[in-house]
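Following: one structure in structure tokens, then a few remarks.
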Amino acid sequence: MKRQNSIPVFFSVLLLTIGCKNANDTNSWAMLPFTKIDSVNPILSPGVGEFLCPLLKTKVKWEEKDVFNPAATVRHDTVFLLYRAEDVIGKFAGTSRIGLAFSLDGIHFKRRTEPVLFPDEDFMKEYEWEGGIEDPRIIEREDGLYILTYTAYDGKIARLCVATSADLIHWTKQGLVLNGKYKDQWSKSGAIVGKRVGEKIIATKLEGKYWMYFGDTDLFIANSEDLIHWQPVEDNARLPDGQGNLKSVLKPRPGYFDSRLVESGPYGLITDQGVLLLYNGMNGDTAIAKGAYCAGQALFDLNDPTRLINRLEKNFLRPDKNYETLGQVNQVCFIEGMVHFKETWYLYYGTADSQIAVAALKK
């Protein structure tokens with residue numbers, strides 16, 4: 001986030017129902033309520049792992065500063081988190097790399113000692129060094145290939161990228177999502193649309209194409225034939241900065257929890273009522289801490305994924321615990337990973353850009 005231009009009895013008793021307009025079914029399309037699992041949160045904190053950085057040519061404690069903003073997927077009856085981790089030596093508040101943790105219950109995680117995706121001596125070095133690789137989101141292709149969107153940060157511009165893997169450990173970088181006139185335009189946070197098949201989230205075509213929501217100001221949208229090469233959907237109106245004409249599909253709302261920006265969450269989930277997108281918003285609501293990052297939900301048309309058809313009036317997840325309100329960036333709950341595992345939805349989120357927590361929904 002930081003870069004800017006039956007539920008078990010140990011669950012928190014605080015049910016986050018504040019996303020509903022009222023107690024009736026007007027928001028039946030939304031996923032509510034999520035419950036923070038306070039007995040174990042935060043579930044992941046900075047670690048002691050080391051690896052030999054191929055660019056620095058020395059061993060680096062790659063996750064000793066902060067861990068946050070994870071993607072999540074289920075593979076072989078195990079939940080995997082691909083999380084952003086920072087060291088303390090990078091000149092841009094630490095270089096970011098992607099680590100891998102795993103859990104048999106969705107709550108208690110063990111991690112690999114080395115990162116699985118990081119800046120290297122490769123064709124992406126100019127975009128990834130030395131800010132690093134940030135904020136992954138993941139979905140599975142029908143044939144089992146994992147598609148990861150991530151942000152490359154060179155210290156000046158954030159660029160949305162794609163990587164692929166068959167095993168979640170060995171990754172192939174596929175390059176930038178935006179090219180041509182958009183190549184040097186700030187872009188990040190790619191949430192691909194898919195459907196739940198058992199405990200997997202499978203990328204799924206709508207109207208003959210794959211779709212991806214992205215952005216951290218407004219939300220924009222792109223489509224693809226193969227999940228690797230993407231074409232942004234354009235509008236006739238130009239952006240205020242004159243850098244293009246990307247079509248905005250979700251905008252900030254003055255006076256709301258998402259008044260300063262909106263940014264994609266885990267993925268777009270196909271439901272009977274539409275494409276459900278959980279997203280992040282930066283606050284302008286005076287009832288919440290200034291600048292707080294909270295989570296919202298929006299619904300888009302299945303026949304036209306660019307068309308917004310519903311949106312929660314209030315956030316459904318917001319910072320109210322010490323580990324969410326105090327850290328590298330205060331007042332942050334930032335959602336990026338979600339799985340359906342053992343009859344429960346688990347939502348993983350970064351807290352204060354410092355640690356990782358989980359909330360759950362039995363549905």
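Scheme for the structure tokens: letters A, B, ... for chains in order shown; per-chain residue numbers from 1; ligand numbers from 1 in order shown.
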
So which residues of stretch 58-253 of chain A fall under alpha helix (DSSP H) by DSSP, listed as a PyMOL selection string?
chain A and resi 125-128

Distance table requested - stretch 324-349 of chain A against stretch 54-66 of chain A, cut-off 12 Å, only C-alpha atoms: one row per qualifying residue with the closest atom pair and its distance in Å to one decimal, ordered by chain and rising residue number, as CSV.
```
residue,atom,partner,partner_atom,distance
A:Gly327,CA,A:Asp66,CA,9.1
A:Gln328,CA,A:Asp66,CA,7.9
A:Val329,CA,A:Asp66,CA,10.8
```

With C-alpha atoms retained, write the just-selected residues as an mmCIF file, in the first residue's frame.
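Contents of part.cif, as written:
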```cif
data_model
loop_
_atom_site.group_PDB
_atom_site.id
_atom_site.type_symbol
_atom_site.label_atom_id
_atom_site.label_comp_id
_atom_site.auth_asym_id
_atom_site.auth_seq_id
_atom_site.Cartn_x
_atom_site.Cartn_y
_atom_site.Cartn_z
ATOM 1 C CA GLY A 327 3.384 0.900 12.650
ATOM 2 C CA GLN A 328 5.340 1.914 9.578
ATOM 3 C CA VAL A 329 2.161 3.649 8.357
#
```

Mind checking which residues fall within 6 Å of stretch 146-163 of chain A, counting only C-alpha atoms, ignoring those fewer than 3 positions away in the same chain, and posting them as a ChimeraX atom specification?
/A:127-140,172-177,186-188,190

Taking 2 positions as the minimum chain separation for residues in the same chain, which residues sit within 12 Å of A:Leu261 when counting only C-alpha atoms? Answer as a PDB file with N, CA and C atoms, in the first residue's frame.
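Now in out_27.pdb:
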```pdb
ATOM      1  N   MET A   1       0.829  -1.215   0.000  1.00  0.00           N
ATOM      2  CA  MET A   1       0.000   0.000   0.000  1.00  0.00           C
ATOM      3  C   MET A   1       0.852   1.250   0.000  1.00  0.00           C
ATOM      4  N   GLN A   4       2.502   5.770  -2.824  1.00  0.00           N
ATOM      5  CA  GLN A   4       1.302   6.488  -3.216  1.00  0.00           C
ATOM      6  C   GLN A   4       1.610   7.500  -4.260  1.00  0.00           C
ATOM      7  N   ASN A   5       1.042   7.957  -5.234  1.00  0.00           N
ATOM      8  CA  ASN A   5       0.793   9.176  -6.029  1.00  0.00           C
ATOM      9  C   ASN A   5      -0.595   9.362  -5.537  1.00  0.00           C
ATOM     10  N   GLY A 215      -5.377  -0.219 -10.083  1.00  0.00           N
ATOM     11  CA  GLY A 215      -5.277   1.205  -9.796  1.00  0.00           C
ATOM     12  C   GLY A 215      -5.256   1.497  -8.313  1.00  0.00           C
ATOM     13  N   ASP A 216      -4.736   2.688  -7.974  1.00  0.00           N
ATOM     14  CA  ASP A 216      -4.741   3.128  -6.574  1.00  0.00           C
ATOM     15  C   ASP A 216      -5.078   4.611  -6.463  1.00  0.00           C
ATOM     16  N   THR A 217      -5.834   5.093  -7.425  1.00  0.00           N
ATOM     17  CA  THR A 217      -6.456   6.422  -7.340  1.00  0.00           C
ATOM     18  C   THR A 217      -7.931   6.186  -7.595  1.00  0.00           C
ATOM     19  N   ASP A 218      -8.327   6.206  -8.857  1.00  0.00           N
ATOM     20  CA  ASP A 218      -9.536   5.546  -9.312  1.00  0.00           C
ATOM     21  C   ASP A 218      -9.183   4.077  -9.550  1.00  0.00           C
ATOM     22  N   LEU A 219     -10.194   3.246  -9.801  1.00  0.00           N
ATOM     23  CA  LEU A 219      -9.949   1.905 -10.317  1.00  0.00           C
ATOM     24  C   LEU A 219     -10.197   1.911 -11.817  1.00  0.00           C
ATOM     25  N   LEU A 250     -14.392   2.844 -10.926  1.00  0.00           N
ATOM     26  CA  LEU A 250     -14.745   3.078  -9.526  1.00  0.00           C
ATOM     27  C   LEU A 250     -13.956   4.284  -9.048  1.00  0.00           C
ATOM     28  N   LYS A 251     -14.666   5.276  -8.526  1.00  0.00           N
ATOM     29  CA  LYS A 251     -14.040   6.525  -8.121  1.00  0.00           C
ATOM     30  C   LYS A 251     -14.142   6.739  -6.613  1.00  0.00           C
ATOM     31  N   PRO A 252     -13.222   7.509  -6.043  1.00  0.00           N
ATOM     32  CA  PRO A 252     -13.373   7.924  -4.651  1.00  0.00           C
ATOM     33  C   PRO A 252     -14.656   8.740  -4.466  1.00  0.00           C
ATOM     34  N   ARG A 253     -15.158   8.730  -3.223  1.00  0.00           N
ATOM     35  CA  ARG A 253     -16.391   9.455  -2.914  1.00  0.00           C
ATOM     36  C   ARG A 253     -16.116  10.481  -1.822  1.00  0.00           C
ATOM     37  N   PRO A 254     -16.280  11.758  -2.099  1.00  0.00           N
ATOM     38  CA  PRO A 254     -16.015  12.796  -1.090  1.00  0.00           C
ATOM     39  C   PRO A 254     -16.808  12.554   0.186  1.00  0.00           C
ATOM     40  N   GLY A 255     -16.111  12.634   1.327  1.00  0.00           N
ATOM     41  CA  GLY A 255     -16.769  12.482   2.616  1.00  0.00           C
ATOM     42  C   GLY A 255     -16.931  11.059   3.087  1.00  0.00           C
ATOM     43  N   TYR A 256     -16.534  10.078   2.270  1.00  0.00           N
ATOM     44  CA  TYR A 256     -16.667   8.668   2.628  1.00  0.00           C
ATOM     45  C   TYR A 256     -15.320   8.104   3.092  1.00  0.00           C
ATOM     46  N   PHE A 257     -15.350   6.828   3.543  1.00  0.00           N
ATOM     47  CA  PHE A 257     -14.124   6.154   3.955  1.00  0.00           C
ATOM     48  C   PHE A 257     -13.155   5.961   2.793  1.00  0.00           C
ATOM     49  N   ASP A 258     -13.642   6.098   1.566  1.00  0.00           N
ATOM     50  CA  ASP A 258     -12.822   5.901   0.371  1.00  0.00           C
ATOM     51  C   ASP A 258     -12.719   7.197  -0.445  1.00  0.00           C
ATOM     52  N   SER A 259     -12.658   8.327   0.251  1.00  0.00           N
ATOM     53  CA  SER A 259     -12.723   9.612  -0.439  1.00  0.00           C
ATOM     54  C   SER A 259     -11.403  10.033  -1.072  1.00  0.00           C
ATOM     55  N   GLU A 263      -8.436   1.303  -4.186  1.00  0.00           N
ATOM     56  CA  GLU A 263      -7.380   0.402  -4.653  1.00  0.00           C
ATOM     57  C   GLU A 263      -7.874  -1.038  -4.551  1.00  0.00           C
ATOM     58  N   SER A 264      -7.600  -1.824  -5.573  1.00  0.00           N
ATOM     59  CA  SER A 264      -8.127  -3.189  -5.676  1.00  0.00           C
ATOM     60  C   SER A 264      -7.730  -4.053  -4.488  1.00  0.00           C
ATOM     61  N   TYR A 279     -12.289  -4.013  -1.967  1.00  0.00           N
ATOM     62  CA  TYR A 279     -11.273  -3.026  -2.313  1.00  0.00           C
ATOM     63  C   TYR A 279     -10.854  -2.225  -1.084  1.00  0.00           C
ATOM     64  N   ASN A 280      -9.778  -1.478  -1.246  1.00  0.00           N
ATOM     65  CA  ASN A 280      -9.248  -0.624  -0.185  1.00  0.00           C
ATOM     66  C   ASN A 280      -9.560   0.834  -0.480  1.00  0.00           C
ATOM     67  N   GLY A 281      -9.822   1.585   0.575  1.00  0.00           N
ATOM     68  CA  GLY A 281     -10.077   3.009   0.429  1.00  0.00           C
ATOM     69  C   GLY A 281      -9.300   3.802   1.465  1.00  0.00           C
ATOM     70  N   MET A 282      -8.897   5.005   1.100  1.00  0.00           N
ATOM     71  CA  MET A 282      -8.236   5.902   2.053  1.00  0.00           C
ATOM     72  C   MET A 282      -9.244   6.936   2.531  1.00  0.00           C
ATOM     73  N   ASN A 283      -9.257   7.190   3.810  1.00  0.00           N
ATOM     74  CA  ASN A 283     -10.383   7.843   4.464  1.00  0.00           C
ATOM     75  C   ASN A 283     -10.431   9.365   4.349  1.00  0.00           C
ATOM     76  N   GLY A 284     -11.688   9.843   4.234  1.00  0.00           N
ATOM     77  CA  GLY A 284     -12.000  11.247   4.389  1.00  0.00           C
ATOM     78  C   GLY A 284     -13.226  11.428   5.256  1.00  0.00           C
ATOM     79  N   GLY A 291      -6.919   9.758   7.120  1.00  0.00           N
ATOM     80  CA  GLY A 291      -5.960   8.995   6.335  1.00  0.00           C
ATOM     81  C   GLY A 291      -6.008   7.500   6.544  1.00  0.00           C
ATOM     82  N   ALA A 292      -6.961   7.008   7.345  1.00  0.00           N
ATOM     83  CA  ALA A 292      -7.044   5.569   7.602  1.00  0.00           C
ATOM     84  C   ALA A 292      -7.369   4.797   6.334  1.00  0.00           C
ATOM     85  N   TYR A 293      -6.785   3.618   6.222  1.00  0.00           N
ATOM     86  CA  TYR A 293      -7.125   2.693   5.141  1.00  0.00           C
ATOM     87  C   TYR A 293      -8.131   1.682   5.657  1.00  0.00           C
ATOM     88  N   CYS A 294      -9.298   1.653   5.018  1.00  0.00           N
ATOM     89  CA  CYS A 294     -10.378   0.732   5.363  1.00  0.00           C
ATOM     90  C   CYS A 294     -10.765  -0.047   4.108  1.00  0.00           C
ATOM     91  N   ALA A 295     -11.598  -1.066   4.278  1.00  0.00           N
ATOM     92  CA  ALA A 295     -11.985  -1.920   3.160  1.00  0.00           C
ATOM     93  C   ALA A 295     -13.465  -1.768   2.837  1.00  0.00           C
ATOM     94  N   GLY A 296     -13.769  -1.758   1.534  1.00  0.00           N
ATOM     95  CA  GLY A 296     -15.139  -1.676   1.053  1.00  0.00           C
ATOM     96  C   GLY A 296     -15.446  -2.797   0.080  1.00  0.00           C
TER      97      GLY A 296
END
```

For A:Asp304, please output as a list in words all residues within 10 Å (counting only C-alpha atoms; exclusion window: fewer than 3 positions along the same chain).
Leu206, Glu207, Gly274, Val275, Phe300, Asp301, Arg307 and Leu308 of chain A

Using only C-alpha atoms, which residues sit within 12 Å of stretch 100-105 of chain A once same-chain residues fewer than 5 positions away are excluded, as a PyMOL selection string?
chain A and resi 8+43-45+47+49+63+67-68+70-85+110-118+136+167-171+339-346+356

Atoms kept (C-alpha atoms) for selection, written as a PDB file, in the first residue's frame:
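Below is the file again.pdb, written as the result:
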```pdb
ATOM      1  CA  PRO A   8     -14.447 -21.056  16.370  1.00  0.00           C
ATOM      2  CA  ILE A  43      -0.464 -13.973  12.247  1.00  0.00           C
ATOM      3  CA  LEU A  44       2.836 -12.945  10.648  1.00  0.00           C
ATOM      4  CA  SER A  45       5.471 -10.481  11.865  1.00  0.00           C
ATOM      5  CA  GLY A  47      11.313 -12.478  10.448  1.00  0.00           C
ATOM      6  CA  GLY A  49      15.335 -15.151   7.232  1.00  0.00           C
ATOM      7  CA  GLU A  63      12.105  -9.498   6.030  1.00  0.00           C
ATOM      8  CA  VAL A  67       5.870  -7.954   6.404  1.00  0.00           C
ATOM      9  CA  PHE A  68       2.490  -7.017   4.979  1.00  0.00           C
ATOM     10  CA  PRO A  70      -0.241 -10.779   1.213  1.00  0.00           C
ATOM     11  CA  ALA A  71      -1.837 -12.680  -1.646  1.00  0.00           C
ATOM     12  CA  ALA A  72      -3.391 -16.049  -0.737  1.00  0.00           C
ATOM     13  CA  THR A  73      -4.297 -19.296  -2.472  1.00  0.00           C
ATOM     14  CA  VAL A  74      -5.126 -22.911  -1.618  1.00  0.00           C
ATOM     15  CA  ARG A  75      -2.940 -25.723  -2.996  1.00  0.00           C
ATOM     16  CA  HIS A  76      -3.010 -29.393  -1.903  1.00  0.00           C
ATOM     17  CA  ASP A  77      -5.148 -28.736   1.217  1.00  0.00           C
ATOM     18  CA  THR A  78      -2.766 -25.991   2.345  1.00  0.00           C
ATOM     19  CA  VAL A  79      -3.197 -22.213   2.449  1.00  0.00           C
ATOM     20  CA  PHE A  80      -0.242 -20.309   1.023  1.00  0.00           C
ATOM     21  CA  LEU A  81       0.513 -16.631   1.587  1.00  0.00           C
ATOM     22  CA  LEU A  82       2.730 -14.708  -0.804  1.00  0.00           C
ATOM     23  CA  TYR A  83       3.576 -11.655   1.227  1.00  0.00           C
ATOM     24  CA  ARG A  84       5.523  -8.442   0.822  1.00  0.00           C
ATOM     25  CA  ALA A  85       8.598  -8.127   3.035  1.00  0.00           C
ATOM     26  CA  LYS A 110       5.220 -21.293   8.815  1.00  0.00           C
ATOM     27  CA  ARG A 111       7.448 -19.601   6.258  1.00  0.00           C
ATOM     28  CA  ARG A 112      10.325 -20.271   3.923  1.00  0.00           C
ATOM     29  CA  THR A 113      13.618 -18.741   4.952  1.00  0.00           C
ATOM     30  CA  GLU A 114      14.234 -17.218   1.507  1.00  0.00           C
ATOM     31  CA  PRO A 115      12.001 -15.082  -0.724  1.00  0.00           C
ATOM     32  CA  VAL A 116      10.461 -16.606  -3.842  1.00  0.00           C
ATOM     33  CA  LEU A 117      10.250 -13.464  -6.005  1.00  0.00           C
ATOM     34  CA  PHE A 118      12.776 -10.631  -5.884  1.00  0.00           C
ATOM     35  CA  PRO A 136       1.055  -9.417  -4.893  1.00  0.00           C
ATOM     36  CA  ASP A 167       4.392 -24.526  -7.810  1.00  0.00           C
ATOM     37  CA  LEU A 168       4.327 -21.118  -6.033  1.00  0.00           C
ATOM     38  CA  ILE A 169       8.084 -21.324  -5.458  1.00  0.00           C
ATOM     39  CA  HIS A 170       9.653 -20.945  -8.892  1.00  0.00           C
ATOM     40  CA  TRP A 171       8.375 -17.858 -10.714  1.00  0.00           C
ATOM     41  CA  VAL A 339      -9.333 -17.945   0.245  1.00  0.00           C
ATOM     42  CA  HIS A 340     -12.263 -20.268   0.809  1.00  0.00           C
ATOM     43  CA  PHE A 341     -10.860 -23.030   3.023  1.00  0.00           C
ATOM     44  CA  LYS A 342     -12.647 -25.673   5.096  1.00  0.00           C
ATOM     45  CA  GLU A 343     -16.044 -23.952   4.711  1.00  0.00           C
ATOM     46  CA  THR A 344     -14.716 -20.556   5.781  1.00  0.00           C
ATOM     47  CA  TRP A 345     -13.599 -17.452   3.911  1.00  0.00           C
ATOM     48  CA  TYR A 346     -10.284 -16.172   5.256  1.00  0.00           C
ATOM     49  CA  ILE A 356      -0.255  -9.444   8.668  1.00  0.00           C
TER      50      ILE A 356
END
```

For the strand (DSSP E or B) assignment from backbone DSSP, which residues of stretch 75-245 of chain A qualify? Please present them as a ChimeraX atom specification.
/A:75,78-86,96-103,110-111,117,132-140,146-153,158-165,172-176,191-197,200-203,206,209-214,219-224,230-232,234

Restricted to C-alpha atoms, what would the selected residues look like written as a PDB file, in the first residue's frame?
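The new file part.pdb reads:
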```
ATOM      1  CA  ARG A  75      -2.940 -25.723  -2.996  1.00  0.00           C
ATOM      2  CA  THR A  78      -2.766 -25.991   2.345  1.00  0.00           C
ATOM      3  CA  VAL A  79      -3.197 -22.213   2.449  1.00  0.00           C
ATOM      4  CA  PHE A  80      -0.242 -20.309   1.023  1.00  0.00           C
ATOM      5  CA  LEU A  81       0.513 -16.631   1.587  1.00  0.00           C
ATOM      6  CA  LEU A  82       2.730 -14.708  -0.804  1.00  0.00           C
ATOM      7  CA  TYR A  83       3.576 -11.655   1.227  1.00  0.00           C
ATOM      8  CA  ARG A  84       5.523  -8.442   0.822  1.00  0.00           C
ATOM      9  CA  ALA A  85       8.598  -8.127   3.035  1.00  0.00           C
ATOM     10  CA  GLU A  86      11.090  -5.273   3.472  1.00  0.00           C
ATOM     11  CA  SER A  96      10.606  -5.198  -1.037  1.00  0.00           C
ATOM     12  CA  ARG A  97      10.614  -8.891  -1.926  1.00  0.00           C
ATOM     13  CA  ILE A  98       7.936 -11.593  -1.909  1.00  0.00           C
ATOM     14  CA  GLY A  99       8.039 -14.346   0.720  1.00  0.00           C
ATOM     15  CA  LEU A 100       6.026 -17.559   1.006  1.00  0.00           C
ATOM     16  CA  ALA A 101       4.274 -18.904   4.112  1.00  0.00           C
ATOM     17  CA  PHE A 102       1.969 -21.912   4.481  1.00  0.00           C
ATOM     18  CA  SER A 103      -0.719 -23.168   6.867  1.00  0.00           C
ATOM     19  CA  LYS A 110       5.220 -21.293   8.815  1.00  0.00           C
ATOM     20  CA  ARG A 111       7.448 -19.601   6.258  1.00  0.00           C
ATOM     21  CA  LEU A 117      10.250 -13.464  -6.005  1.00  0.00           C
ATOM     22  CA  GLY A 132      11.597  -3.838  -5.135  1.00  0.00           C
ATOM     23  CA  ILE A 133       8.639  -6.115  -5.748  1.00  0.00           C
ATOM     24  CA  GLU A 134       5.466  -5.262  -3.861  1.00  0.00           C
ATOM     25  CA  ASP A 135       1.838  -6.126  -3.101  1.00  0.00           C
ATOM     26  CA  PRO A 136       1.055  -9.417  -4.893  1.00  0.00           C
ATOM     27  CA  ARG A 137      -2.364 -10.702  -5.881  1.00  0.00           C
ATOM     28  CA  ILE A 138      -2.897 -14.239  -7.141  1.00  0.00           C
ATOM     29  CA  ILE A 139      -5.338 -16.345  -9.125  1.00  0.00           C
ATOM     30  CA  GLU A 140      -5.140 -19.795 -10.722  1.00  0.00           C
ATOM     31  CA  TYR A 146      -0.678 -19.513 -10.994  1.00  0.00           C
ATOM     32  CA  ILE A 147      -0.944 -15.937 -12.236  1.00  0.00           C
ATOM     33  CA  LEU A 148       0.551 -13.324  -9.921  1.00  0.00           C
ATOM     34  CA  THR A 149       0.162  -9.593 -10.383  1.00  0.00           C
ATOM     35  CA  TYR A 150       2.649  -7.437  -8.520  1.00  0.00           C
ATOM     36  CA  THR A 151       4.063  -3.920  -8.388  1.00  0.00           C
ATOM     37  CA  ALA A 152       7.595  -3.166  -9.554  1.00  0.00           C
ATOM     38  CA  TYR A 153       9.023  -0.013  -7.983  1.00  0.00           C
ATOM     39  CA  ALA A 158       5.222   1.946  -9.649  1.00  0.00           C
ATOM     40  CA  ARG A 159       4.410  -0.377 -12.554  1.00  0.00           C
ATOM     41  CA  LEU A 160       1.949  -3.272 -12.581  1.00  0.00           C
ATOM     42  CA  CYS A 161       3.535  -6.581 -13.655  1.00  0.00           C
ATOM     43  CA  VAL A 162       2.712 -10.284 -14.119  1.00  0.00           C
ATOM     44  CA  ALA A 163       4.575 -13.437 -13.069  1.00  0.00           C
ATOM     45  CA  THR A 164       3.608 -17.119 -13.419  1.00  0.00           C
ATOM     46  CA  SER A 165       4.390 -20.315 -11.529  1.00  0.00           C
ATOM     47  CA  THR A 172       8.732 -16.612 -14.274  1.00  0.00           C
ATOM     48  CA  LYS A 173       8.464 -12.858 -14.730  1.00  0.00           C
ATOM     49  CA  GLN A 174       6.249 -12.030 -17.709  1.00  0.00           C
ATOM     50  CA  GLY A 175       6.771  -8.274 -17.810  1.00  0.00           C
ATOM     51  CA  LEU A 176       4.704  -5.106 -17.562  1.00  0.00           C
ATOM     52  CA  ALA A 191      -7.189  -7.946  -9.243  1.00  0.00           C
ATOM     53  CA  ILE A 192      -8.121 -10.536 -11.893  1.00  0.00           C
ATOM     54  CA  VAL A 193     -11.720 -11.772 -12.142  1.00  0.00           C
ATOM     55  CA  GLY A 194     -12.439 -15.434 -11.365  1.00  0.00           C
ATOM     56  CA  LYS A 195     -14.881 -17.891  -9.844  1.00  0.00           C
ATOM     57  CA  ARG A 196     -14.653 -20.247  -6.893  1.00  0.00           C
ATOM     58  CA  VAL A 197     -14.296 -23.909  -7.849  1.00  0.00           C
ATOM     59  CA  LYS A 200      -9.653 -22.742  -5.777  1.00  0.00           C
ATOM     60  CA  ILE A 201     -10.238 -19.354  -7.377  1.00  0.00           C
ATOM     61  CA  ILE A 202     -10.016 -19.912 -11.129  1.00  0.00           C
ATOM     62  CA  ALA A 203      -9.574 -17.065 -13.623  1.00  0.00           C
ATOM     63  CA  LEU A 206     -16.658 -12.944 -19.181  1.00  0.00           C
ATOM     64  CA  LYS A 209     -12.200 -12.172 -22.203  1.00  0.00           C
ATOM     65  CA  TYR A 210     -10.365 -12.235 -18.908  1.00  0.00           C
ATOM     66  CA  TRP A 211     -10.712  -9.026 -16.867  1.00  0.00           C
ATOM     67  CA  MET A 212      -8.583  -7.254 -14.284  1.00  0.00           C
ATOM     68  CA  TYR A 213      -9.348  -4.273 -12.049  1.00  0.00           C
ATOM     69  CA  PHE A 214      -6.311  -2.168 -11.169  1.00  0.00           C
ATOM     70  CA  LEU A 219      -9.949   1.905 -10.317  1.00  0.00           C
ATOM     71  CA  PHE A 220      -9.382   1.106 -13.978  1.00  0.00           C
ATOM     72  CA  ILE A 221      -9.886  -2.101 -15.939  1.00  0.00           C
ATOM     73  CA  ALA A 222      -8.045  -4.168 -18.542  1.00  0.00           C
ATOM     74  CA  ASN A 223      -8.832  -7.337 -20.483  1.00  0.00           C
ATOM     75  CA  SER A 224      -6.809 -10.217 -21.887  1.00  0.00           C
ATOM     76  CA  TRP A 230      -3.320  -7.103 -21.185  1.00  0.00           C
ATOM     77  CA  GLN A 231      -5.133  -4.314 -22.969  1.00  0.00           C
ATOM     78  CA  PRO A 232      -6.437  -1.441 -20.824  1.00  0.00           C
ATOM     79  CA  GLU A 234      -9.953   3.341 -22.569  1.00  0.00           C
TER      80      GLU A 234
END
```
